$ cat coords14.cif   # mmCIF, C-alpha atoms
data_data
loop_
_atom_site.label_atom_id
_atom_site.label_comp_id
_atom_site.auth_asym_id
_atom_site.auth_seq_id
_atom_site.Cartn_x
_atom_site.Cartn_y
_atom_site.Cartn_z
CA MET A 1 -11.89 27.62 6.01
CA THR A 2 -9.07 25.13 5.55
CA ALA A 3 -6.15 25.18 3.14
CA ASP A 4 -7.52 22.94 0.40
CA ALA A 5 -10.97 24.48 0.64
CA ARG A 6 -9.51 27.91 -0.10
CA HIS A 7 -6.98 26.66 -2.62
CA GLU A 8 -9.32 24.52 -4.66
CA ARG A 9 -12.50 26.58 -5.01
CA GLY A 10 -13.42 30.00 -6.37
CA VAL A 11 -14.26 32.84 -3.99
CA ALA A 12 -17.34 34.12 -5.81
CA SER A 13 -18.94 30.81 -6.77
CA ARG A 14 -19.79 27.51 -5.15
CA LEU A 15 -18.67 25.76 -8.34
CA HIS A 16 -15.01 25.33 -9.19
CA ALA A 17 -12.96 23.29 -11.66
CA PHE A 18 -9.24 22.84 -12.23
CA ASN A 19 -6.71 20.57 -13.93
CA ARG A 20 -3.33 19.50 -12.63
CA TYR A 21 -0.75 16.73 -12.44
CA GLU A 22 -0.47 14.74 -9.22
CA ILE A 23 2.50 12.57 -8.21
CA LYS A 24 2.46 10.45 -5.05
CA TYR A 25 5.18 9.05 -2.81
CA LEU A 26 5.08 6.87 0.32
CA VAL A 27 7.25 8.43 3.01
CA PRO A 28 8.10 7.13 6.50
CA VAL A 29 6.57 9.54 9.01
CA THR A 30 10.02 9.94 10.57
CA GLU A 31 11.13 11.59 7.32
CA VAL A 32 8.21 14.00 6.99
CA ALA A 33 9.71 16.75 9.18
CA PRO A 34 13.15 16.71 7.45
CA LEU A 35 11.44 16.68 4.05
CA ARG A 36 9.12 19.52 5.03
CA ASP A 37 12.08 21.55 6.30
CA GLU A 38 13.97 21.05 3.06
CA LEU A 39 10.93 21.94 0.97
CA ALA A 40 10.45 25.07 3.09
CA ARG A 41 13.66 26.49 1.63
CA ARG A 42 11.80 26.91 -1.67
CA MET A 43 8.16 26.86 -0.54
CA GLU A 44 5.87 28.47 2.04
CA PRO A 45 3.55 26.82 4.56
CA ASP A 46 -0.03 27.26 3.39
CA THR A 47 -1.26 30.25 5.38
CA ASN A 48 -4.66 28.58 5.91
CA CYS A 49 -3.15 25.35 7.28
CA PRO A 50 -2.99 25.31 11.10
CA VAL A 51 0.04 23.94 12.94
CA GLY A 52 -0.21 20.16 12.82
CA GLY A 53 -2.46 20.14 9.78
CA TYR A 54 -6.21 19.69 9.34
CA GLY A 55 -8.65 16.88 8.74
CA VAL A 56 -9.76 15.72 5.29
CA TRP A 57 -12.77 13.38 5.20
CA SER A 58 -14.30 11.78 2.11
CA VAL A 59 -17.22 9.47 1.35
CA TYR A 60 -16.73 7.68 -1.98
CA TYR A 61 -19.54 6.41 -4.22
CA ASP A 62 -19.23 3.38 -6.47
CA THR A 63 -21.33 0.78 -8.25
CA PRO A 64 -22.32 -2.50 -6.57
CA ALA A 65 -19.61 -4.17 -8.71
CA LEU A 66 -17.02 -1.51 -7.72
CA ARG A 67 -16.60 -0.17 -11.23
CA PHE A 68 -14.58 2.88 -10.18
CA TYR A 69 -12.29 0.74 -8.03
CA TRP A 70 -11.53 -1.63 -10.90
CA GLU A 71 -11.00 1.22 -13.37
CA LYS A 72 -8.27 2.53 -11.08
CA ILE A 73 -6.69 -0.91 -10.58
CA GLU A 74 -6.73 -1.59 -14.32
CA GLY A 75 -5.20 1.81 -15.05
CA LEU A 76 -7.84 3.07 -17.48
CA LYS A 77 -6.73 6.25 -19.24
CA PHE A 78 -10.11 7.85 -18.52
CA ARG A 79 -11.73 7.18 -15.16
CA ARG A 80 -13.89 9.00 -12.63
CA LYS A 81 -14.74 9.05 -8.95
CA LEU A 82 -17.62 10.71 -7.11
CA ARG A 83 -17.24 11.76 -3.49
CA ILE A 84 -18.44 14.12 -0.76
CA ARG A 85 -15.53 15.83 1.01
CA HIS A 86 -15.28 17.80 4.25
CA TYR A 87 -12.30 19.79 5.49
CA GLY A 88 -11.75 20.34 9.20
CA ASP A 89 -13.14 18.99 12.45
CA VAL A 90 -15.31 16.00 11.56
CA SER A 91 -16.84 15.78 15.04
CA ALA A 92 -18.35 19.24 14.58
CA VAL A 93 -20.14 18.49 11.29
CA THR A 94 -23.83 19.47 11.22
CA ASP A 95 -26.46 19.46 8.49
CA ASP A 96 -25.46 23.02 7.62
CA SER A 97 -21.69 22.46 7.51
CA PRO A 98 -20.16 23.24 4.10
CA VAL A 99 -18.91 20.22 2.15
CA HIS A 100 -17.96 19.59 -1.47
CA VAL A 101 -19.61 17.22 -3.91
CA GLU A 102 -16.76 16.39 -6.25
CA ILE A 103 -16.17 14.54 -9.49
CA LYS A 104 -12.50 13.67 -9.82
CA GLN A 105 -11.45 12.23 -13.14
CA ARG A 106 -8.23 11.18 -14.76
CA VAL A 107 -7.63 11.87 -18.46
CA ASN A 108 -4.34 10.25 -19.42
CA ARG A 109 -1.91 11.84 -16.94
CA VAL A 110 -4.01 14.88 -16.07
CA THR A 111 -6.21 15.00 -12.98
CA GLN A 112 -9.37 17.07 -13.41
CA LYS A 113 -11.58 18.10 -10.51
CA ARG A 114 -14.99 19.72 -10.52
CA ARG A 115 -16.68 20.42 -7.26
CA LEU A 116 -19.75 22.13 -5.86
CA ARG A 117 -19.89 23.51 -2.33
CA LEU A 118 -23.16 22.67 -0.59
CA PRO A 119 -24.53 22.39 2.94
CA TYR A 120 -24.07 18.84 4.17
CA HIS A 121 -27.81 18.11 4.17
CA ALA A 122 -28.06 19.17 0.50
CA ALA A 123 -25.02 17.09 -0.49
CA ARG A 124 -26.57 14.02 1.10
CA ALA A 125 -29.93 14.71 -0.53
CA LEU A 126 -28.16 14.89 -3.90
CA CYS A 127 -25.86 11.88 -3.56
CA ASP A 128 -27.86 9.59 -1.27
CA GLY A 129 -31.40 10.72 -2.05
CA ARG A 130 -30.72 11.43 -5.75
CA VAL A 131 -32.71 14.64 -5.45
CA GLU A 132 -32.07 17.66 -7.67
CA VAL A 133 -31.14 20.14 -4.96
CA GLU A 134 -31.45 23.89 -5.29
CA HIS A 135 -28.68 25.33 -7.45
CA ALA A 136 -27.71 28.32 -9.58
CA GLU A 137 -28.08 28.21 -13.33
CA ARG A 138 -24.34 27.87 -13.96
CA GLU A 139 -24.27 24.92 -11.54
CA ARG A 140 -26.98 23.00 -13.39
CA PRO A 141 -24.72 20.97 -15.74
CA PHE A 142 -22.64 19.72 -12.80
CA VAL A 143 -25.69 18.80 -10.69
CA HIS A 144 -27.23 16.96 -13.64
CA GLU A 145 -23.96 15.10 -14.31
CA VAL A 146 -23.83 13.95 -10.68
CA LEU A 147 -27.44 12.78 -10.85
CA ASP A 148 -26.80 11.00 -14.14
CA LEU A 149 -23.86 9.09 -12.66
CA LEU A 150 -25.79 8.20 -9.50
CA ILE A 151 -28.90 6.96 -11.29
CA ARG A 152 -27.44 5.46 -14.46
CA LEU A 153 -24.66 3.55 -12.64
CA ASP A 154 -26.62 2.92 -9.43
CA LEU A 155 -23.89 4.53 -7.32
CA ARG A 156 -24.01 4.27 -3.56
CA ALA A 157 -21.76 5.20 -0.63
CA THR A 158 -19.05 2.54 -0.54
CA ALA A 159 -16.09 3.69 1.57
CA MET A 160 -15.00 6.53 3.80
CA THR A 161 -11.48 7.84 4.35
CA GLY A 162 -9.97 10.36 6.73
CA TYR A 163 -6.49 11.69 7.45
CA ARG A 164 -4.45 14.64 8.71
CA ARG A 165 -2.99 16.91 6.02
CA GLU A 166 -0.18 19.44 6.05
CA ALA A 167 0.34 21.62 2.98
CA LEU A 168 3.01 23.84 1.45
CA VAL A 169 2.66 26.10 -1.58
CA GLY A 170 5.20 27.31 -4.12
CA ARG A 171 6.62 30.80 -4.15
CA GLU A 172 6.32 33.09 -7.15
CA GLN A 173 8.81 31.19 -9.30
CA ASP A 174 6.86 27.97 -8.64
CA THR A 175 3.30 29.22 -9.05
CA GLY A 176 0.86 26.32 -9.00
CA LEU A 177 3.14 24.01 -7.02
CA ARG A 178 1.56 22.40 -3.96
CA VAL A 179 2.95 19.63 -1.74
CA THR A 180 0.84 17.84 0.86
CA PHE A 181 1.64 15.26 3.53
CA ASP A 182 -1.23 12.97 4.60
CA ARG A 183 -0.83 10.98 7.81
CA ARG A 184 -2.96 8.70 10.00
CA ILE A 185 -4.88 7.48 6.96
CA ARG A 186 -7.94 5.54 8.08
CA GLY A 187 -11.22 4.35 6.65
CA ARG A 188 -14.45 2.43 7.15
CA ASP A 189 -16.99 0.57 5.04
CA ARG A 190 -20.26 1.58 6.78
CA ASP A 191 -21.87 4.35 8.89
CA PHE A 192 -20.95 6.99 6.33
CA HIS A 193 -22.28 10.07 8.13
CA PHE A 194 -19.29 12.34 8.82
CA ALA A 195 -20.29 12.89 12.46
CA SER A 196 -20.80 9.18 13.17
CA PRO A 197 -18.69 7.90 16.11
CA ALA A 198 -18.10 4.61 14.24
CA GLU A 199 -14.66 3.04 14.48
CA ASN A 200 -12.17 3.05 11.62
CA ARG A 201 -9.18 1.02 10.53
CA TYR A 202 -5.77 2.14 9.34
CA ILE A 203 -5.81 1.64 5.57
CA VAL A 204 -2.20 2.78 5.17
CA PRO A 205 0.26 1.67 7.87
CA PRO A 206 0.51 4.47 10.45
CA ARG A 207 4.29 4.61 10.11
CA LEU A 208 3.83 5.83 6.53
CA ALA A 209 2.60 9.12 5.07
CA VAL A 210 1.42 9.84 1.54
CA MET A 211 3.22 12.79 0.00
CA GLU A 212 1.61 14.37 -3.06
CA VAL A 213 3.28 16.80 -5.43
CA LYS A 214 0.65 18.77 -7.37
CA VAL A 215 1.52 21.05 -10.28
CA ASN A 216 -0.30 22.85 -13.05
CA GLU A 217 2.20 21.97 -15.77
CA ARG A 218 5.52 20.35 -14.86
CA VAL A 219 7.34 19.34 -11.69
CA PRO A 220 10.23 21.72 -10.90
CA TYR A 221 13.65 20.17 -11.42
CA TRP A 222 14.62 20.76 -7.79
CA ILE A 223 11.68 18.64 -6.60
CA THR A 224 12.74 15.66 -8.76
CA ASP A 225 16.33 16.10 -7.55
CA LEU A 226 15.14 16.11 -3.94
CA MET A 227 13.11 12.93 -4.44
CA ALA A 228 16.09 11.20 -6.10
CA ARG A 229 18.47 12.19 -3.30
CA ARG A 230 16.07 10.74 -0.75
CA ASN A 231 15.52 7.56 -2.81
CA LEU A 232 11.77 8.14 -3.04
CA THR A 233 9.91 6.47 -5.88
CA VAL A 234 6.54 7.31 -7.36
CA VAL A 235 3.69 5.05 -6.21
CA ARG A 236 0.18 4.43 -7.51
CA VAL A 237 -1.60 4.38 -4.17
CA SER A 238 -5.28 5.29 -3.91
CA LYS A 239 -6.83 5.97 -0.50
CA TYR A 240 -10.20 4.83 -1.82
CA CYS A 241 -8.76 1.56 -3.15
CA GLN A 242 -6.87 1.03 0.10
CA SER A 243 -10.14 1.35 2.02
CA VAL A 244 -11.98 -1.07 -0.29
CA GLU A 245 -9.19 -3.63 0.07
CA ALA A 246 -8.75 -3.18 3.82
CA TYR A 247 -12.32 -4.36 4.37
CA GLY A 248 -12.11 -7.30 1.97
CA ARG A 249 -14.43 -5.80 -0.63
CA ALA A 250 -11.93 -6.71 -3.39
CA PRO A 251 -8.67 -8.64 -3.72
CA ARG A 252 -5.61 -6.65 -2.77
CA SER A 253 -3.98 -5.11 -5.77
CA ALA A 254 -0.37 -4.83 -6.82
CA PHE A 255 -0.48 -1.26 -5.51
CA HIS A 256 -1.67 -2.21 -2.02
CA VAL A 257 0.60 -1.15 0.83
CA PRO A 258 1.45 -4.43 2.64
CA ASP A 259 0.25 -4.88 6.22
CA GLU A 260 3.67 -6.09 7.33
CA ALA A 261 4.88 -2.53 6.80
CA GLU A 262 2.50 -1.28 9.47
CA ALA A 263 5.11 -0.99 12.19
CA PRO A 264 8.75 -1.92 12.86
CA ALA A 265 9.26 -5.45 14.17
CA THR A 266 10.22 -4.09 17.59
CA SER A 267 7.00 -2.12 17.98
CA ALA A 268 3.92 -3.30 19.78
CA PRO A 269 1.00 -4.33 17.56
CA THR A 270 -1.31 -1.51 16.53
CA PRO A 271 -4.99 -1.95 17.43
CA PRO A 272 -7.00 -2.68 14.26
CA THR A 273 -9.61 0.04 14.67
CA HIS A 274 -9.54 3.72 15.59
CA GLN A 275 -11.94 6.60 15.64
CA PHE A 276 -11.30 9.50 13.29
CA GLU A 277 -9.44 12.22 15.13
CA THR A 278 -9.30 15.87 14.23
#
$ encode --input "coords14.cif" --output "C-alpha coordinates"
Amino acid sequence: MTADARHERGVASRLHAFNRYEIKYLVPVTEVAPLRDELARRMEPDTNCPVGGYGVWSVYYDTPALRFYWEKIEGLKFRRKLRIRHYGDVSAVTDDSPVHVEIKQRVNRVTQKRRLRLPYHAARALCDGRVEVEHAERERPFVHEVLDLLIRLDLRATAMTGYRREALVGREQDTGLRVTFDRRIRGRDRDFHFASPAENRYIVPPRLAVMEVKVNERVPYWITDLMARRNLTVVRVSKYCQSVEAYGRAPRSAFHVPDEAEAPATSAPTPPTHQFET
(Lines of atoms letter the chains of each structure in order from A and count residues from 1; the text may use other names and numbers.)
(Lines give C-alpha, C1' and ligand atoms only; values in the text may rest on other atoms or scores of the structure.)
Protein backbone atom coordinates (compact mmCIF):
# COMPACT_ATOMS: atom_id res chain seq x y z
CA MET A 1 0.00 0.00 0.00
CA THR A 2 1.34 3.43 -0.90
CA ALA A 3 1.85 6.49 1.27
CA ASP A 4 -1.35 8.39 0.49
CA ALA A 5 -3.43 5.23 0.56
CA ARG A 6 -2.31 4.55 4.13
CA HIS A 7 -2.37 8.18 5.19
CA GLU A 8 -5.78 9.05 3.83
CA ARG A 9 -7.99 6.07 4.71
CA GLY A 10 -9.01 4.25 7.87
CA VAL A 11 -7.57 0.82 8.65
CA ALA A 12 -10.81 -0.86 9.69
CA SER A 13 -13.15 0.57 7.07
CA ARG A 14 -13.21 1.10 3.33
CA LEU A 15 -14.82 4.50 3.92
CA HIS A 16 -12.80 7.46 5.12
CA ALA A 17 -13.31 11.21 5.39
CA PHE A 18 -11.06 14.09 6.45
CA ASN A 19 -10.73 17.87 6.28
CA ARG A 20 -7.59 19.89 5.77
CA TYR A 21 -6.04 23.00 4.23
CA GLU A 22 -4.00 22.61 1.05
CA ILE A 23 -1.52 25.17 -0.31
CA LYS A 24 0.23 24.69 -3.66
CA TYR A 25 3.47 25.99 -5.12
CA LEU A 26 5.14 25.53 -8.52
CA VAL A 27 8.77 24.54 -8.01
CA PRO A 28 11.51 23.98 -10.61
CA VAL A 29 12.48 20.30 -10.45
CA THR A 30 16.08 21.38 -9.90
CA GLU A 31 14.98 22.84 -6.55
CA VAL A 32 13.03 19.81 -5.34
CA ALA A 33 16.03 17.98 -3.83
CA PRO A 34 17.35 21.05 -1.92
CA LEU A 35 13.83 21.82 -0.69
CA ARG A 36 13.27 18.22 0.37
CA ASP A 37 16.59 18.21 2.23
CA GLU A 38 15.71 21.38 4.08
CA LEU A 39 12.25 20.09 4.96
CA ALA A 40 13.83 16.86 6.22
CA ARG A 41 15.41 18.80 9.07
CA ARG A 42 11.92 19.16 10.56
CA MET A 43 10.03 16.33 8.83
CA GLU A 44 10.36 12.62 8.10
CA PRO A 45 10.09 10.79 4.77
CA ASP A 46 6.79 8.95 4.64
CA THR A 47 7.71 5.39 5.63
CA ASN A 48 5.34 3.98 3.00
CA CYS A 49 6.82 6.05 0.17
CA PRO A 50 9.50 4.15 -1.81
CA VAL A 51 12.70 5.83 -2.95
CA GLY A 52 11.83 7.94 -5.98
CA GLY A 53 8.15 8.16 -5.09
CA TYR A 54 5.07 6.34 -6.36
CA GLY A 55 2.45 6.77 -9.03
CA VAL A 56 -0.86 8.59 -8.50
CA TRP A 57 -3.48 8.12 -11.24
CA SER A 58 -6.91 9.74 -11.36
CA VAL A 59 -9.91 9.67 -13.70
CA TYR A 60 -12.08 12.78 -13.25
CA TYR A 61 -15.81 12.96 -13.96
CA ASP A 62 -17.59 16.10 -15.11
CA THR A 63 -20.73 17.24 -16.90
CA PRO A 64 -20.86 17.64 -20.70
CA ALA A 65 -20.58 21.42 -20.10
CA LEU A 66 -17.62 20.96 -17.71
CA ARG A 67 -19.45 22.30 -14.68
CA PHE A 68 -16.79 21.24 -12.19
CA TYR A 69 -14.03 22.75 -14.33
CA TRP A 70 -15.79 26.11 -14.49
CA GLU A 71 -16.60 26.10 -10.77
CA LYS A 72 -12.87 25.83 -10.10
CA ILE A 73 -11.95 28.53 -12.62
CA GLU A 74 -14.59 30.88 -11.24
CA GLY A 75 -13.42 30.25 -7.68
CA LEU A 76 -16.76 29.18 -6.21
CA LYS A 77 -16.62 28.96 -2.42
CA PHE A 78 -18.33 25.56 -2.54
CA ARG A 79 -17.36 23.16 -5.31
CA ARG A 80 -16.94 19.43 -5.81
CA LYS A 81 -15.08 16.91 -7.94
CA LEU A 82 -15.67 13.19 -8.44
CA ARG A 83 -12.80 10.90 -9.36
CA ILE A 84 -11.46 7.35 -9.26
CA ARG A 85 -7.89 7.22 -7.93
CA HIS A 86 -5.22 4.52 -7.96
CA TYR A 87 -1.90 4.55 -6.11
CA GLY A 88 1.07 2.61 -7.43
CA ASP A 89 2.02 0.80 -10.63
CA VAL A 90 -0.64 1.65 -13.20
CA SER A 91 0.55 -1.02 -15.65
CA ALA A 92 -0.30 -3.71 -13.10
CA VAL A 93 -3.91 -2.64 -12.53
CA THR A 94 -6.48 -5.45 -12.83
CA ASP A 95 -10.22 -5.62 -12.21
CA ASP A 96 -9.50 -6.60 -8.60
CA SER A 97 -6.93 -3.88 -7.86
CA PRO A 98 -7.98 -1.58 -5.00
CA VAL A 99 -8.87 1.98 -6.03
CA HIS A 100 -10.70 4.85 -4.37
CA VAL A 101 -13.92 6.50 -5.49
CA GLU A 102 -13.55 9.99 -4.08
CA ILE A 103 -15.59 13.14 -3.70
CA LYS A 104 -13.29 16.09 -3.12
CA GLN A 105 -14.99 19.33 -2.23
CA ARG A 106 -13.91 22.80 -1.25
CA VAL A 107 -15.84 24.73 1.40
CA ASN A 108 -14.36 28.22 1.60
CA ARG A 109 -10.68 27.49 2.30
CA VAL A 110 -11.13 23.96 3.66
CA THR A 111 -10.64 20.89 1.48
CA GLN A 112 -12.88 17.97 2.41
CA LYS A 113 -12.37 14.46 1.06
CA ARG A 114 -14.59 11.43 1.33
CA ARG A 115 -13.52 8.24 -0.31
CA LEU A 116 -14.53 4.61 -0.59
CA ARG A 117 -12.04 1.85 -1.36
CA LEU A 118 -13.38 -0.61 -3.93
CA PRO A 119 -12.06 -3.18 -6.40
CA TYR A 120 -11.48 -1.49 -9.74
CA HIS A 121 -14.30 -3.38 -11.45
CA ALA A 122 -16.77 -2.21 -8.78
CA ALA A 123 -15.57 1.40 -9.00
CA ARG A 124 -16.12 1.38 -12.75
CA ALA A 125 -19.53 -0.23 -12.37
CA LEU A 126 -20.48 2.54 -9.94
CA CYS A 127 -19.07 5.53 -11.83
CA ASP A 128 -19.36 4.41 -15.45
CA GLY A 129 -22.27 1.96 -15.22
CA ARG A 130 -24.14 3.94 -12.52
CA VAL A 131 -24.86 0.70 -10.70
CA GLU A 132 -25.39 0.52 -6.95
CA VAL A 133 -22.50 -1.77 -6.09
CA GLU A 134 -22.35 -3.96 -3.01
CA HIS A 135 -21.55 -1.93 0.10
CA ALA A 136 -21.79 -1.93 3.88
CA GLU A 137 -24.59 -0.10 5.64
CA ARG A 138 -22.35 2.74 6.81
CA GLU A 139 -21.16 3.21 3.22
CA ARG A 140 -24.67 3.62 1.83
CA PRO A 141 -24.93 7.45 2.11
CA PHE A 142 -21.67 7.89 0.21
CA VAL A 143 -22.61 5.41 -2.54
CA HIS A 144 -26.00 7.10 -2.94
CA GLU A 145 -24.38 10.55 -3.10
CA VAL A 146 -22.03 9.37 -5.86
CA LEU A 147 -24.95 7.90 -7.80
CA ASP A 148 -26.98 11.07 -7.33
CA LEU A 149 -24.17 13.21 -8.73
CA LEU A 150 -23.60 10.86 -11.67
CA ILE A 151 -27.25 10.60 -12.67
CA ARG A 152 -28.55 14.05 -11.78
CA LEU A 153 -25.63 15.91 -13.41
CA ASP A 154 -25.01 13.35 -16.17
CA LEU A 155 -21.36 12.99 -15.16
CA ARG A 156 -18.96 11.08 -17.36
CA ALA A 157 -15.23 10.38 -17.46
CA THR A 158 -13.62 13.55 -18.81
CA ALA A 159 -9.88 13.59 -18.09
CA MET A 160 -7.14 11.44 -16.65
CA THR A 161 -4.01 12.58 -14.83
CA GLY A 162 -0.91 10.79 -13.60
CA TYR A 163 2.31 11.79 -11.86
CA ARG A 164 5.10 10.68 -9.53
CA ARG A 165 4.74 11.70 -5.89
CA GLU A 166 7.20 11.96 -3.03
CA ALA A 167 5.87 12.65 0.47
CA LEU A 168 7.13 13.84 3.83
CA VAL A 169 5.22 13.92 7.11
CA GLY A 170 5.56 16.14 10.17
CA ARG A 171 7.13 15.02 13.41
CA GLU A 172 5.28 15.10 16.70
CA GLN A 173 5.33 18.88 17.04
CA ASP A 174 3.84 19.19 13.54
CA THR A 175 1.19 16.48 13.68
CA GLY A 176 -1.01 16.62 10.60
CA LEU A 177 1.59 18.32 8.42
CA ARG A 178 2.23 16.64 5.06
CA VAL A 179 4.28 17.92 2.11
CA THR A 180 4.20 16.28 -1.31
CA PHE A 181 6.15 16.85 -4.52
CA ASP A 182 4.42 15.82 -7.76
CA ARG A 183 6.54 15.52 -10.91
CA ARG A 184 6.08 14.36 -14.51
CA ILE A 185 2.46 15.48 -14.48
CA ARG A 186 0.68 14.12 -17.54
CA GLY A 187 -2.85 13.53 -18.74
CA ARG A 188 -5.15 12.38 -21.51
CA ASP A 189 -8.71 13.00 -22.67
CA ARG A 190 -9.75 9.47 -23.74
CA ASP A 191 -9.06 5.75 -23.11
CA PHE A 192 -9.68 6.15 -19.40
CA HIS A 193 -8.94 2.59 -18.27
CA PHE A 194 -5.95 2.76 -15.91
CA ALA A 195 -4.15 -0.10 -17.66
CA SER A 196 -4.63 1.34 -21.15
CA PRO A 197 -1.35 1.83 -23.07
CA ALA A 198 -2.70 5.09 -24.55
CA GLU A 199 -0.31 8.00 -24.89
CA ASN A 200 -0.41 11.05 -22.64
CA ARG A 201 0.70 14.66 -22.80
CA TYR A 202 2.55 16.76 -20.26
CA ILE A 203 -0.08 19.02 -18.71
CA VAL A 204 2.45 20.81 -16.50
CA PRO A 205 5.86 21.55 -18.05
CA PRO A 206 8.23 18.71 -17.08
CA ARG A 207 10.76 21.16 -15.65
CA LEU A 208 8.23 22.07 -12.95
CA ALA A 209 6.89 20.18 -9.93
CA VAL A 210 3.78 20.90 -7.89
CA MET A 211 4.54 21.13 -4.18
CA GLU A 212 1.57 20.84 -1.82
CA VAL A 213 1.59 21.73 1.87
CA LYS A 214 -1.30 19.99 3.66
CA VAL A 215 -2.24 20.76 7.25
CA ASN A 216 -5.13 20.05 9.58
CA GLU A 217 -5.28 23.56 11.04
CA ARG A 218 -2.53 26.07 10.27
CA VAL A 219 0.75 26.10 8.37
CA PRO A 220 3.76 26.09 10.73
CA TYR A 221 5.64 29.38 10.80
CA TRP A 222 8.87 27.71 9.68
CA ILE A 223 7.19 26.49 6.48
CA THR A 224 6.03 30.01 5.54
CA ASP A 225 9.51 31.34 6.34
CA LEU A 226 11.07 28.69 4.11
CA MET A 227 8.76 29.53 1.22
CA ALA A 228 9.52 33.25 1.60
CA ARG A 229 13.28 32.67 1.65
CA ARG A 230 13.01 30.67 -1.56
CA ASN A 231 10.73 33.26 -3.19
CA LEU A 232 7.95 30.72 -3.74
CA THR A 233 4.42 32.05 -4.16
CA VAL A 234 1.12 30.26 -3.74
CA VAL A 235 -0.53 29.19 -7.00
CA ARG A 236 -4.05 28.06 -7.88
CA VAL A 237 -3.11 25.22 -10.19
CA SER A 238 -5.46 22.27 -10.71
CA LYS A 239 -4.19 19.11 -12.40
CA TYR A 240 -7.70 18.38 -13.65
CA CYS A 241 -8.07 21.87 -15.13
CA GLN A 242 -4.61 21.62 -16.68
CA SER A 243 -5.65 18.39 -18.41
CA VAL A 244 -8.91 19.88 -19.70
CA GLU A 245 -7.06 22.90 -21.09
CA ALA A 246 -4.16 20.92 -22.54
CA TYR A 247 -6.57 19.10 -24.85
CA GLY A 248 -8.50 22.20 -25.89
CA ARG A 249 -11.68 21.29 -24.04
CA ALA A 250 -11.87 24.82 -22.58
CA PRO A 251 -10.04 28.13 -22.97
CA ARG A 252 -6.87 28.37 -20.95
CA SER A 253 -7.44 30.08 -17.67
CA ALA A 254 -5.48 32.71 -15.81
CA PHE A 255 -4.11 29.89 -13.67
CA HIS A 256 -2.78 27.84 -16.60
CA VAL A 257 0.94 27.12 -16.55
CA PRO A 258 2.24 28.58 -19.85
CA ASP A 259 3.69 26.20 -22.43
CA GLU A 260 6.72 28.43 -22.95
CA ALA A 261 7.81 27.40 -19.46
CA GLU A 262 8.08 23.79 -20.57
CA ALA A 263 11.84 23.79 -20.96
CA PRO A 264 14.78 26.23 -20.95
CA ALA A 265 15.46 27.90 -24.30
CA THR A 266 18.66 25.89 -24.70
CA SER A 267 16.91 22.55 -24.30
CA ALA A 268 15.69 20.37 -27.11
CA PRO A 269 11.92 20.33 -27.66
CA THR A 270 10.01 17.82 -25.56
CA PRO A 271 7.87 15.31 -27.49
CA PRO A 272 4.18 16.18 -27.04
CA THR A 273 3.00 12.77 -25.86
CA HIS A 274 4.26 10.19 -23.38
CA GLN A 275 3.02 7.01 -21.83
CA PHE A 276 2.38 6.98 -18.10
CA GLU A 277 5.40 5.58 -16.32
CA THR A 278 5.49 4.03 -12.88
$ residues_around --input "coords14.cif" --residues "stretch 81-96 of chain A" --least-positions-apart "5" --cutoff "7 Å" --atoms "all atoms listed in the file" --output "PyMOL selection string"
chain A and resi 2+5+54-61+68+101-105+119-121+194-195+278
$ residues_around --input "coords14.cif" --residues "stretch 148-158 of chain A" --least-positions-apart "6" --cutoff "8 Å" --atoms "all atoms listed in the file" --output "MDAnalysis selection string"
chainID A and resid 59:64 127:128 130 189:190 192 244
$ closest_residue --input "coords14.cif" --among "A:Ala159, A:Arg165, A:Ala33, A:Thr175" --to "A:Tyr69" --atoms "only C-alpha atoms"
A:Ala159
$ closest_residue --input "coords14.cif" --among "A:Phe255, A:Tyr240, A:Tyr202, A:Tyr25" --to "A:Gly75" --atoms "only C-alpha atoms"
A:Phe255
$ closest_residue --input "coords14.cif" --among "A:Met43, A:Val257, A:Ala122, A:Val27" --to "A:Trp222" --atoms "all atoms listed in the file"
A:Met43
